[in-house]
>>> print(open('final-v1.txt').read())   # compact mmCIF, C-alpha atoms
# COMPACT_ATOMS: atom_id res chain seq x y z
CA MET I 1 10.72 16.93 68.76
CA ASP I 2 14.00 18.32 69.90
CA ILE I 3 16.15 19.78 67.18
CA GLU I 4 19.80 20.69 67.63
CA ILE I 5 21.69 22.72 65.06
CA LYS I 6 25.42 23.04 64.65
CA MET I 7 27.74 24.46 61.99
CA ILE I 8 31.18 23.04 61.34
CA ARG I 9 32.94 25.03 58.61
CA ASN I 10 30.50 24.93 55.66
CA THR I 11 28.55 21.92 56.95
CA LEU I 12 25.22 22.27 58.68
CA ILE I 13 24.49 19.53 61.20
CA ILE I 14 20.89 18.90 62.23
CA ARG I 15 20.38 16.50 65.13
CA LEU I 16 16.85 15.21 65.60
CA LYS I 17 15.25 13.42 68.48
CA GLY I 18 11.94 11.54 68.70
CA GLU I 19 9.51 10.55 65.96
CA PHE I 20 9.92 12.03 62.48
CA ASP I 21 6.33 12.16 61.18
CA LEU I 22 3.80 14.63 59.80
CA VAL I 23 3.75 16.84 62.86
CA LYS I 24 7.55 17.23 62.98
CA ALA I 25 8.07 17.35 59.22
CA GLU I 26 6.89 20.93 58.74
CA LYS I 27 8.98 22.24 61.63
CA ILE I 28 12.14 20.56 60.41
CA ARG I 29 11.50 21.63 56.83
CA SER I 30 11.18 25.33 57.66
CA LEU I 31 14.04 25.37 60.12
CA THR I 32 16.45 23.57 57.78
CA ASP I 33 15.47 25.69 54.79
CA GLU I 34 16.07 28.86 56.73
CA LYS I 35 19.60 27.70 57.55
CA LEU I 36 20.24 26.45 54.02
CA GLN I 37 19.62 29.97 52.72
CA GLU I 38 22.77 31.15 54.44
CA LYS I 39 25.49 31.51 51.84
CA GLN I 40 28.27 29.69 53.64
CA VAL I 41 26.18 26.52 54.16
CA ARG I 42 27.02 23.94 51.53
CA ASN I 43 26.70 20.48 53.05
CA LEU I 44 24.12 18.96 55.32
CA ILE I 45 24.44 16.17 57.86
CA LEU I 46 21.18 14.84 59.24
CA ASN I 47 21.83 13.03 62.50
CA LEU I 48 19.08 10.47 63.20
CA GLU I 49 20.80 8.71 66.11
CA LYS I 50 17.96 9.55 68.47
CA VAL I 51 15.10 9.12 66.02
CA SER I 52 12.91 6.10 66.75
CA PHE I 53 10.40 6.38 63.91
CA VAL I 54 10.20 7.77 60.37
CA ASP I 55 7.35 7.61 57.85
CA SER I 56 6.84 9.01 54.35
CA SER I 57 6.23 12.53 55.73
CA GLY I 58 9.75 12.44 57.20
CA LEU I 59 11.17 10.93 54.02
CA GLY I 60 9.58 13.75 52.01
CA VAL I 61 11.47 16.31 54.09
CA ILE I 62 14.74 14.43 53.61
CA ILE I 63 14.38 14.20 49.84
CA GLY I 64 13.36 17.87 49.59
CA ARG I 65 16.46 19.01 51.55
CA TYR I 66 18.63 16.72 49.40
CA LYS I 67 17.42 18.59 46.29
CA LYS I 68 18.16 21.95 47.91
CA VAL I 69 21.67 20.92 48.92
CA GLN I 70 22.28 19.66 45.38
CA GLU I 71 21.24 23.02 43.98
CA LYS I 72 24.03 24.51 46.08
CA ASN I 73 26.48 21.92 44.72
CA GLY I 74 26.82 20.50 48.20
CA SER I 75 26.48 17.01 49.67
CA MET I 76 24.02 15.55 52.11
CA PHE I 77 24.57 12.66 54.51
CA ILE I 78 22.47 10.78 57.04
CA VAL I 79 24.24 9.51 60.13
CA GLY I 80 23.39 7.20 63.02
CA ALA I 81 20.13 5.74 61.67
CA GLN I 82 18.78 3.04 63.99
CA PRO I 83 17.96 -0.33 62.32
CA VAL I 84 14.20 0.40 62.34
CA VAL I 85 14.79 3.77 60.62
CA GLU I 86 17.49 2.42 58.32
CA LYS I 87 15.06 -0.21 57.03
CA ILE I 88 12.64 2.49 55.86
CA LEU I 89 15.43 4.59 54.33
CA THR I 90 16.62 1.57 52.38
CA LEU I 91 13.14 0.48 51.32
CA SER I 92 12.40 3.95 49.97
CA GLY I 93 15.71 4.05 48.08
CA ILE I 94 16.75 7.30 49.79
CA ASN I 95 20.04 5.69 50.79
CA LYS I 96 21.01 5.61 47.09
CA LEU I 97 20.83 9.41 46.99
CA VAL I 98 21.82 10.32 50.52
CA PRO I 99 24.57 8.02 51.82
CA LEU I 100 24.27 6.60 55.32
CA PHE I 101 27.16 6.83 57.77
CA LYS I 102 27.68 5.63 61.31
CA ASN I 103 28.36 8.97 62.92
CA GLU I 104 29.23 12.62 62.26
CA GLN I 105 32.99 12.06 62.65
CA GLU I 106 33.00 9.57 59.79
CA VAL I 107 31.51 12.19 57.46
CA LEU I 108 33.61 15.10 58.66
CA LYS I 109 36.77 13.08 57.92
CA ILE I 110 35.89 13.00 54.20
CA MET Z 111 -13.32 -16.37 60.75
CA GLU Z 112 -14.46 -15.25 64.19
CA ILE Z 113 -13.32 -12.05 65.78
CA LYS Z 114 -11.34 -12.56 68.97
CA ASN Z 115 -11.10 -8.90 69.95
CA TYR Z 116 -11.64 -5.49 68.41
CA VAL Z 117 -11.30 -1.77 69.11
CA HIS Z 118 -12.93 1.14 67.40
CA PHE Z 119 -12.01 4.76 67.93
CA GLU Z 120 -12.26 8.12 66.25
CA PHE Z 121 -10.30 11.33 66.56
CA GLN Z 122 -9.98 14.81 65.15
CA SER Z 123 -8.00 15.24 61.92
CA LEU Z 124 -4.97 16.85 63.56
CA PRO Z 125 -1.35 15.95 62.70
CA GLU Z 126 -0.73 15.55 66.45
CA ASN Z 127 -3.12 12.61 66.46
CA VAL Z 128 -1.12 10.57 63.95
CA SER Z 129 1.29 9.42 66.65
CA PHE Z 130 -1.63 8.72 69.00
CA ALA Z 131 -3.31 6.55 66.35
CA ARG Z 132 -0.22 4.47 65.55
CA ALA Z 133 0.63 4.00 69.24
CA CYS Z 134 -2.92 2.78 69.97
CA VAL Z 135 -2.97 0.30 67.10
CA GLY Z 136 0.57 -0.84 67.96
CA ALA Z 137 -0.44 -1.49 71.58
CA PHE Z 138 -3.55 -3.39 70.51
CA ALA Z 139 -1.61 -5.47 67.96
CA SER Z 140 0.85 -6.53 70.64
CA GLN Z 141 -1.83 -8.95 71.87
CA LEU Z 142 -0.83 -11.06 68.89
CA ASP Z 143 2.24 -13.25 69.01
CA CYS Z 144 4.42 -10.86 67.02
CA THR Z 145 7.85 -9.30 67.21
CA LEU Z 146 8.79 -5.71 67.97
CA ASP Z 147 9.72 -5.33 64.30
CA ASP Z 148 6.20 -6.41 63.35
CA ILE Z 149 4.74 -3.78 65.68
CA GLU Z 150 6.99 -1.11 64.13
CA GLU Z 151 5.72 -2.08 60.67
CA ILE Z 152 2.09 -1.92 61.83
CA LYS Z 153 2.74 1.53 63.30
CA LEU Z 154 4.22 2.71 60.00
CA VAL Z 155 1.23 1.43 58.05
CA VAL Z 156 -1.21 3.25 60.38
CA SER Z 157 0.88 6.42 60.20
CA GLU Z 158 0.71 6.39 56.40
CA ALA Z 159 -3.03 5.76 56.24
CA VAL Z 160 -3.91 8.42 58.84
CA SER Z 161 -1.50 10.96 57.29
CA ASN Z 162 -3.19 10.35 53.91
CA SER Z 163 -6.62 11.02 55.44
CA ILE Z 164 -5.45 14.28 57.00
CA ILE Z 165 -3.32 15.62 54.14
CA HIS Z 166 -5.21 14.38 51.11
CA GLY Z 167 -8.68 13.40 52.35
CA TYR Z 168 -9.25 16.51 54.42
CA GLU Z 169 -6.62 18.74 52.72
CA ASN Z 170 -5.30 19.58 56.19
CA ARG Z 171 -8.66 20.74 57.56
CA LYS Z 172 -8.50 20.26 61.29
CA ASN Z 173 -12.12 19.81 62.35
CA GLU Z 174 -12.86 16.56 60.61
CA LYS Z 175 -13.04 12.98 61.80
CA VAL Z 176 -10.86 9.93 61.24
CA GLU Z 177 -12.15 6.51 62.33
CA ILE Z 178 -10.12 3.41 63.00
CA THR Z 179 -11.35 -0.11 63.58
CA VAL Z 180 -8.87 -2.84 64.43
CA LYS Z 181 -9.83 -6.49 64.70
CA ILE Z 182 -7.90 -9.52 65.80
CA TYR Z 183 -9.25 -12.76 64.35
CA GLU Z 184 -9.11 -16.24 65.86
CA ASP Z 185 -6.61 -17.25 63.14
CA HIS Z 186 -4.13 -14.58 64.36
CA ALA Z 187 -4.84 -12.09 61.61
CA LEU Z 188 -4.92 -8.36 62.25
CA GLU Z 189 -7.31 -6.20 60.26
CA MET Z 190 -7.23 -2.40 60.29
CA ILE Z 191 -9.76 -0.10 58.69
CA ILE Z 192 -8.88 3.59 58.48
CA LYS Z 193 -11.78 5.74 57.31
CA ASP Z 194 -12.27 9.40 56.50
CA TYR Z 195 -15.14 11.43 55.08
CA GLY Z 196 -12.97 13.68 52.95
CA ILE Z 197 -12.71 14.47 49.25
CA GLY Z 198 -12.07 10.88 48.19
CA ILE Z 199 -9.76 9.66 45.45
CA GLU Z 200 -10.64 10.20 41.77
CA ASP Z 201 -8.29 7.58 40.39
CA ILE Z 202 -7.37 4.90 42.93
CA ASP Z 203 -4.98 3.06 40.56
CA LYS Z 204 -3.01 6.26 39.99
CA ALA Z 205 -2.94 7.12 43.71
CA MET Z 206 -1.57 3.67 44.48
CA GLN Z 207 1.35 3.94 42.06
CA ALA Z 208 4.73 4.16 43.77
CA ASN Z 209 6.25 7.64 43.63
CA TYR Z 210 2.96 9.24 42.60
CA SER Z 211 1.77 12.06 44.82
CA SER Z 212 -0.77 14.80 44.26
CA ASP Z 213 1.62 16.96 46.27
CA ASP Z 214 5.12 17.59 44.81
CA SER Z 215 6.80 17.86 48.19
CA ARG Z 216 5.77 14.33 49.13
CA MET Z 217 7.31 11.06 47.98
CA GLY Z 218 4.21 9.10 47.10
CA LEU Z 219 5.28 6.13 49.19
CA GLY Z 220 2.30 5.89 51.55
CA PHE Z 221 0.39 3.17 49.68
CA THR Z 222 3.66 1.42 48.78
CA PHE Z 223 4.53 1.06 52.47
CA MET Z 224 0.99 -0.04 53.32
CA GLN Z 225 1.21 -2.71 50.65
CA SER Z 226 4.73 -3.81 51.58
CA PHE Z 227 3.92 -4.46 55.21
CA THR Z 228 0.52 -6.13 54.91
CA ASP Z 229 -0.90 -9.18 53.11
CA GLU Z 230 -4.08 -7.53 51.87
CA MET Z 231 -4.94 -3.96 51.02
CA GLU Z 232 -8.29 -2.71 49.83
CA VAL Z 233 -9.09 0.93 49.10
CA LEU Z 234 -12.69 2.02 48.80
CA SER Z 235 -13.20 5.63 47.81
CA LYS Z 236 -15.86 7.86 46.32
CA PRO Z 237 -15.13 11.43 45.29
CA GLY Z 238 -16.85 13.77 47.71
CA GLU Z 239 -17.69 11.03 50.21
CA GLY Z 240 -14.40 9.81 51.59
CA THR Z 241 -11.94 6.95 51.63
CA SER Z 242 -11.69 3.73 53.57
CA VAL Z 243 -8.50 1.68 53.59
CA ARG Z 244 -8.67 -1.90 54.80
CA LEU Z 245 -5.38 -3.62 55.62
CA LYS Z 246 -4.93 -7.17 56.80
CA ARG Z 247 -1.90 -9.05 57.96
CA SER Z 248 -1.58 -12.59 59.24
CA PHE Z 249 0.56 -13.43 62.23
CA LEU Z 250 -0.09 -17.14 62.08
CA LYS Z 251 3.10 -19.02 62.86
CA GLU Z 252 4.14 -21.76 60.47
CA PRO Z 253 3.83 -25.14 62.20
CA GLU Z 254 7.27 -26.23 63.33
CA ALA Z 255 8.89 -28.93 61.26
CA MET Z 256 8.78 -32.40 62.71
CA VAL Z 257 12.12 -33.40 64.14
>>> encode(input="final-v1.txt", output="structure tokens")
Amino acid sequence: MDIEIKMIRNTLIIRLKGEFDLVKAEKIRSLTDEKLQEKQVRNLILNLEKVSFVDSSGLGVIIGRYKKVQEKNGSMFIVGAQPVVEKILTLSGINKLVPLFKNEQEVLKI
Amino acid sequence: MEIKNYVHFEFQSLPENVSFARACVGAFASQLDCTLDDIEEIKLVVSEAVSNSIIHGYENRKNEKVEITVKIYEDHALEMIIKDYGIGIEDIDKAMQANYSSDDSRMGLGFTFMQSFTDEMEVLSKPGEGTSVRLKRSFLKEPEAMV
């Protein structure tokens, strides 16, 4: 799975590509956690525009990062979820904790 | 009900094989008259069951075996059996509760998803012997209303 990382001010942006399952979960977890340890990082945007599949292993990583961002008094957002991915996010209730937005610009405007 | 077609395959308990398993079952299920959304749901269900076998059944041991049997019945039902020979489940009712997981970093949604996207779910498990999950979903179209 391709992972792209970007920092805009105090917001960490993680862009994922491919299928977000067990095999990718560990990689994304460790990479994101490493970045979240940096002091200036407060908010997290997870860009799922190019993600075609997510299962409960992926959801576990999302909820775990949400808790970490909360500990830092920051906010987490998910952007660009495709309908097939959005359905799973909604069914799991994650969208009640981590709001869904269309794209990164929409979040950065806040 | 008679079986119209079936496949049976086994693979090593590696995380890399989860995507292989769901793609195989998804491709086989596409023989049924179903939508792309249906196929996505079937793939999710397989992903959850196989991930459970690897993470919980085999506690991430990599040299074990997962077996899958998929059957298509004459009445357009799809049946999937995902079987492992791992540690088994002590308390099936507890394992099937939404939000319960034996691992804190997981959401405990695997069985919930399996149940949500199928019509029947049966879990057979014996501590020390393994777990078999049988899932069935009908793709029989409702007869069209008379005009």
>>> closest_atom_pairs(input="final-v1.txt", of="chain I", to="chain Z", cutoff="8 Å", atoms="all atoms listed in the file", output="tab-separated table")
residue	atom	partner	partner_atom	distance
I:Asp21	CA	Z:Ser129	CA	7.9
I:Leu22	CA	Z:Pro125	CA	6.1
I:Val23	CA	Z:Pro125	CA	5.2
I:Val54	CA	Z:Leu154	CA	7.8
I:Asp55	CA	Z:Leu154	CA	6.2
I:Ser56	CA	Z:Leu219	CA	6.1
I:Ser57	CA	Z:Arg216	CA	6.9
I:Leu59	CA	Z:Met217	CA	7.2
I:Gly60	CA	Z:Arg216	CA	4.8
I:Val61	CA	Z:Ser215	CA	7.7
I:Ile63	CA	Z:Met217	CA	8.0
I:Gly64	CA	Z:Ser215	CA	6.7
I:Val84	CA	Z:Asp147	CA	7.5
I:Ser92	CA	Z:Leu219	CA	7.5
>>> closest_residue(input="final-v1.txt", among="Z:Ile197, Z:Ile182, Z:Leu142, Z:Ala131", to="Lys236 (chain Z)", atoms="only C-alpha atoms")
Z:Ile197
>>> atom_distance(input="final-v1.txt", atom1="CA of Thr179 (chain Z)", atom2="CA of Gln122 (chain Z)")
15.1 Å
>>> closest_residue(input="final-v1.txt", among="Z:Leu188, Z:Ile178, Z:Cys144, Z:Val233", to="Asn115 (chain Z)", atoms="only C-alpha atoms")
Z:Leu188
>>> axis_aligned_box(input="final-v1.txt", around="region 219-233 of chain Z", padding_each_side="8 Å", output="AutoDock Vina command-line options")
--center_x -1.9 --center_y -1.5 --center_z 52.0 --size_x 30.4 --size_y 31.3 --size_z 22.4
>>> residues_around(input="final-v1.txt", residues="region 241-246 of chain Z", least_positions_apart="5", cutoff="9 Å", atoms="only C-alpha atoms", output="list in words")
Val155, Ala159, Ser163, Gly167, Ala187, Leu188, Glu189, Met190, Ile191, Ile192, Lys193, Asp194, Tyr195, Gly196, Ile197, Gly198, Ile199, Met224, Gln225, Thr228, Asp229, Glu230, Met231, Glu232, Val233, Leu234, Ser235 and Lys236 of chain Z
>>> atom_distance(input="final-v1.txt", atom1="CA of Ala81 (chain I)", atom2="CA of Glu34 (chain I)")
24.0 Å
>>> atom_distance(input="final-v1.txt", atom1="CA of Tyr116 (chain Z)", atom2="CA of Ala139 (chain Z)")
10.0 Å
>>> residues_around(input="final-v1.txt", residues="Ser75 (chain I)", least_positions_apart="6", cutoff="8 Å", atoms="all atoms listed in the file", output="PyMOL selection string")
chain I and resi 42-44+66+69
>>> write_last_selection(input="final-v1.txt", atoms="C-alpha atoms", output="compact mmCIF listing (two decimals), in the frame of the given file")
# COMPACT_ATOMS: atom_id res chain seq x y z
CA ARG I 42 27.02 23.94 51.53
CA ASN I 43 26.70 20.48 53.05
CA LEU I 44 24.12 18.96 55.32
CA TYR I 66 18.63 16.72 49.40
CA VAL I 69 21.67 20.92 48.92
>>> closest_residue(input="final-v1.txt", among="I:Asn95, I:Gln37, I:Asn73, I:Thr32", to="Ile5 (chain I)", atoms="all atoms listed in the file")
I:Thr32
>>> build_atoms(input="final-v1.txt", residues="region 2-33 of chain I", atoms="N, CA and C atoms", output="PDB file, in the coordinates of the input")
ATOM      1  N   ASP I   2      12.858  17.457  69.668  1.00  0.00           N
ATOM      2  CA  ASP I   2      14.000  18.320  69.900  1.00  0.00           C
ATOM      3  C   ASP I   2      14.848  18.399  68.640  1.00  0.00           C
ATOM      4  N   ILE I   3      15.282  19.592  68.334  1.00  0.00           N
ATOM      5  CA  ILE I   3      16.150  19.780  67.180  1.00  0.00           C
ATOM      6  C   ILE I   3      17.392  20.546  67.636  1.00  0.00           C
ATOM      7  N   GLU I   4      18.555  20.021  67.268  1.00  0.00           N
ATOM      8  CA  GLU I   4      19.800  20.690  67.630  1.00  0.00           C
ATOM      9  C   GLU I   4      20.525  21.053  66.337  1.00  0.00           C
ATOM     10  N   ILE I   5      21.026  22.269  66.285  1.00  0.00           N
ATOM     11  CA  ILE I   5      21.690  22.720  65.060  1.00  0.00           C
ATOM     12  C   ILE I   5      23.126  23.123  65.344  1.00  0.00           C
ATOM     13  N   LYS I   6      24.008  22.720  64.463  1.00  0.00           N
ATOM     14  CA  LYS I   6      25.420  23.040  64.650  1.00  0.00           C
ATOM     15  C   LYS I   6      26.052  23.309  63.288  1.00  0.00           C
ATOM     16  N   MET I   7      27.017  24.221  63.251  1.00  0.00           N
ATOM     17  CA  MET I   7      27.740  24.460  61.990  1.00  0.00           C
ATOM     18  C   MET I   7      29.201  24.101  62.203  1.00  0.00           C
ATOM     19  N   ILE I   8      29.738  23.277  61.324  1.00  0.00           N
ATOM     20  CA  ILE I   8      31.180  23.040  61.340  1.00  0.00           C
ATOM     21  C   ILE I   8      31.696  23.398  59.954  1.00  0.00           C
ATOM     22  N   ARG I   9      32.511  24.435  59.880  1.00  0.00           N
ATOM     23  CA  ARG I   9      32.940  25.030  58.610  1.00  0.00           C
ATOM     24  C   ARG I   9      31.710  25.285  57.709  1.00  0.00           C
ATOM     25  N   ASN I  10      31.645  24.643  56.532  1.00  0.00           N
ATOM     26  CA  ASN I  10      30.500  24.930  55.660  1.00  0.00           C
ATOM     27  C   ASN I  10      29.431  23.827  55.729  1.00  0.00           C
ATOM     28  N   THR I  11      29.500  23.032  56.805  1.00  0.00           N
ATOM     29  CA  THR I  11      28.550  21.920  56.950  1.00  0.00           C
ATOM     30  C   THR I  11      27.556  22.196  58.069  1.00  0.00           C
ATOM     31  N   LEU I  12      26.288  22.103  57.695  1.00  0.00           N
ATOM     32  CA  LEU I  12      25.220  22.270  58.680  1.00  0.00           C
ATOM     33  C   LEU I  12      24.869  20.894  59.243  1.00  0.00           C
ATOM     34  N   ILE I  13      24.855  20.809  60.564  1.00  0.00           N
ATOM     35  CA  ILE I  13      24.490  19.530  61.200  1.00  0.00           C
ATOM     36  C   ILE I  13      23.158  19.712  61.909  1.00  0.00           C
ATOM     37  N   ILE I  14      22.201  18.858  61.569  1.00  0.00           N
ATOM     38  CA  ILE I  14      20.890  18.900  62.230  1.00  0.00           C
ATOM     39  C   ILE I  14      20.725  17.595  62.998  1.00  0.00           C
ATOM     40  N   ARG I  15      20.577  17.696  64.309  1.00  0.00           N
ATOM     41  CA  ARG I  15      20.380  16.500  65.130  1.00  0.00           C
ATOM     42  C   ARG I  15      18.921  16.443  65.579  1.00  0.00           C
ATOM     43  N   LEU I  16      18.271  15.350  65.262  1.00  0.00           N
ATOM     44  CA  LEU I  16      16.850  15.210  65.600  1.00  0.00           C
ATOM     45  C   LEU I  16      16.652  14.178  66.693  1.00  0.00           C
ATOM     46  N   LYS I  17      15.551  14.343  67.384  1.00  0.00           N
ATOM     47  CA  LYS I  17      15.250  13.420  68.480  1.00  0.00           C
ATOM     48  C   LYS I  17      13.752  13.137  68.469  1.00  0.00           C
ATOM     49  N   GLY I  18      13.370  11.882  68.610  1.00  0.00           N
ATOM     50  CA  GLY I  18      11.940  11.540  68.700  1.00  0.00           C
ATOM     51  C   GLY I  18      11.416  10.891  67.437  1.00  0.00           C
ATOM     52  N   GLU I  19      10.171  11.186  67.098  1.00  0.00           N
ATOM     53  CA  GLU I  19       9.510  10.550  65.960  1.00  0.00           C
ATOM     54  C   GLU I  19       9.376  11.559  64.809  1.00  0.00           C
ATOM     55  N   PHE I  20       9.845  11.146  63.641  1.00  0.00           N
ATOM     56  CA  PHE I  20       9.920  12.030  62.480  1.00  0.00           C
ATOM     57  C   PHE I  20       8.693  11.761  61.593  1.00  0.00           C
ATOM     58  N   ASP I  21       7.562  12.382  61.943  1.00  0.00           N
ATOM     59  CA  ASP I  21       6.330  12.160  61.180  1.00  0.00           C
ATOM     60  C   ASP I  21       5.738  13.484  60.724  1.00  0.00           C
ATOM     61  N   LEU I  22       4.479  13.459  60.357  1.00  0.00           N
ATOM     62  CA  LEU I  22       3.800  14.630  59.800  1.00  0.00           C
ATOM     63  C   LEU I  22       3.925  15.882  60.670  1.00  0.00           C
ATOM     64  N   VAL I  23       3.777  15.697  61.971  1.00  0.00           N
ATOM     65  CA  VAL I  23       3.750  16.840  62.860  1.00  0.00           C
ATOM     66  C   VAL I  23       5.133  17.505  62.976  1.00  0.00           C
ATOM     67  N   LYS I  24       6.181  16.691  62.867  1.00  0.00           N
ATOM     68  CA  LYS I  24       7.550  17.230  62.980  1.00  0.00           C
ATOM     69  C   LYS I  24       8.075  17.701  61.634  1.00  0.00           C
ATOM     70  N   ALA I  25       7.530  17.107  60.558  1.00  0.00           N
ATOM     71  CA  ALA I  25       8.070  17.350  59.220  1.00  0.00           C
ATOM     72  C   ALA I  25       8.105  18.843  58.877  1.00  0.00           C
ATOM     73  N   GLU I  26       6.995  19.528  59.130  1.00  0.00           N
ATOM     74  CA  GLU I  26       6.890  20.930  58.740  1.00  0.00           C
ATOM     75  C   GLU I  26       7.914  21.795  59.490  1.00  0.00           C
ATOM     76  N   LYS I  27       8.056  21.487  60.787  1.00  0.00           N
ATOM     77  CA  LYS I  27       8.980  22.240  61.630  1.00  0.00           C
ATOM     78  C   LYS I  27      10.430  22.075  61.141  1.00  0.00           C
ATOM     79  N   ILE I  28      10.769  20.842  60.839  1.00  0.00           N
ATOM     80  CA  ILE I  28      12.140  20.560  60.410  1.00  0.00           C
ATOM     81  C   ILE I  28      12.400  21.152  59.026  1.00  0.00           C
ATOM     82  N   ARG I  29      11.376  21.076  58.178  1.00  0.00           N
ATOM     83  CA  ARG I  29      11.500  21.630  56.830  1.00  0.00           C
ATOM     84  C   ARG I  29      11.797  23.136  56.897  1.00  0.00           C
ATOM     85  N   SER I  30      11.007  23.872  57.652  1.00  0.00           N
ATOM     86  CA  SER I  30      11.180  25.330  57.660  1.00  0.00           C
ATOM     87  C   SER I  30      12.493  25.727  58.336  1.00  0.00           C
ATOM     88  N   LEU I  31      12.813  25.034  59.406  1.00  0.00           N
ATOM     89  CA  LEU I  31      14.040  25.370  60.120  1.00  0.00           C
ATOM     90  C   LEU I  31      15.296  25.090  59.269  1.00  0.00           C
ATOM     91  N   THR I  32      15.293  23.945  58.607  1.00  0.00           N
ATOM     92  CA  THR I  32      16.450  23.570  57.780  1.00  0.00           C
ATOM     93  C   THR I  32      16.569  24.507  56.582  1.00  0.00           C
ATOM     94  N   ASP I  33      15.439  24.815  55.965  1.00  0.00           N
ATOM     95  CA  ASP I  33      15.470  25.690  54.790  1.00  0.00           C
ATOM     96  C   ASP I  33      15.990  27.079  55.125  1.00  0.00           C
TER      97      ASP I  33
END
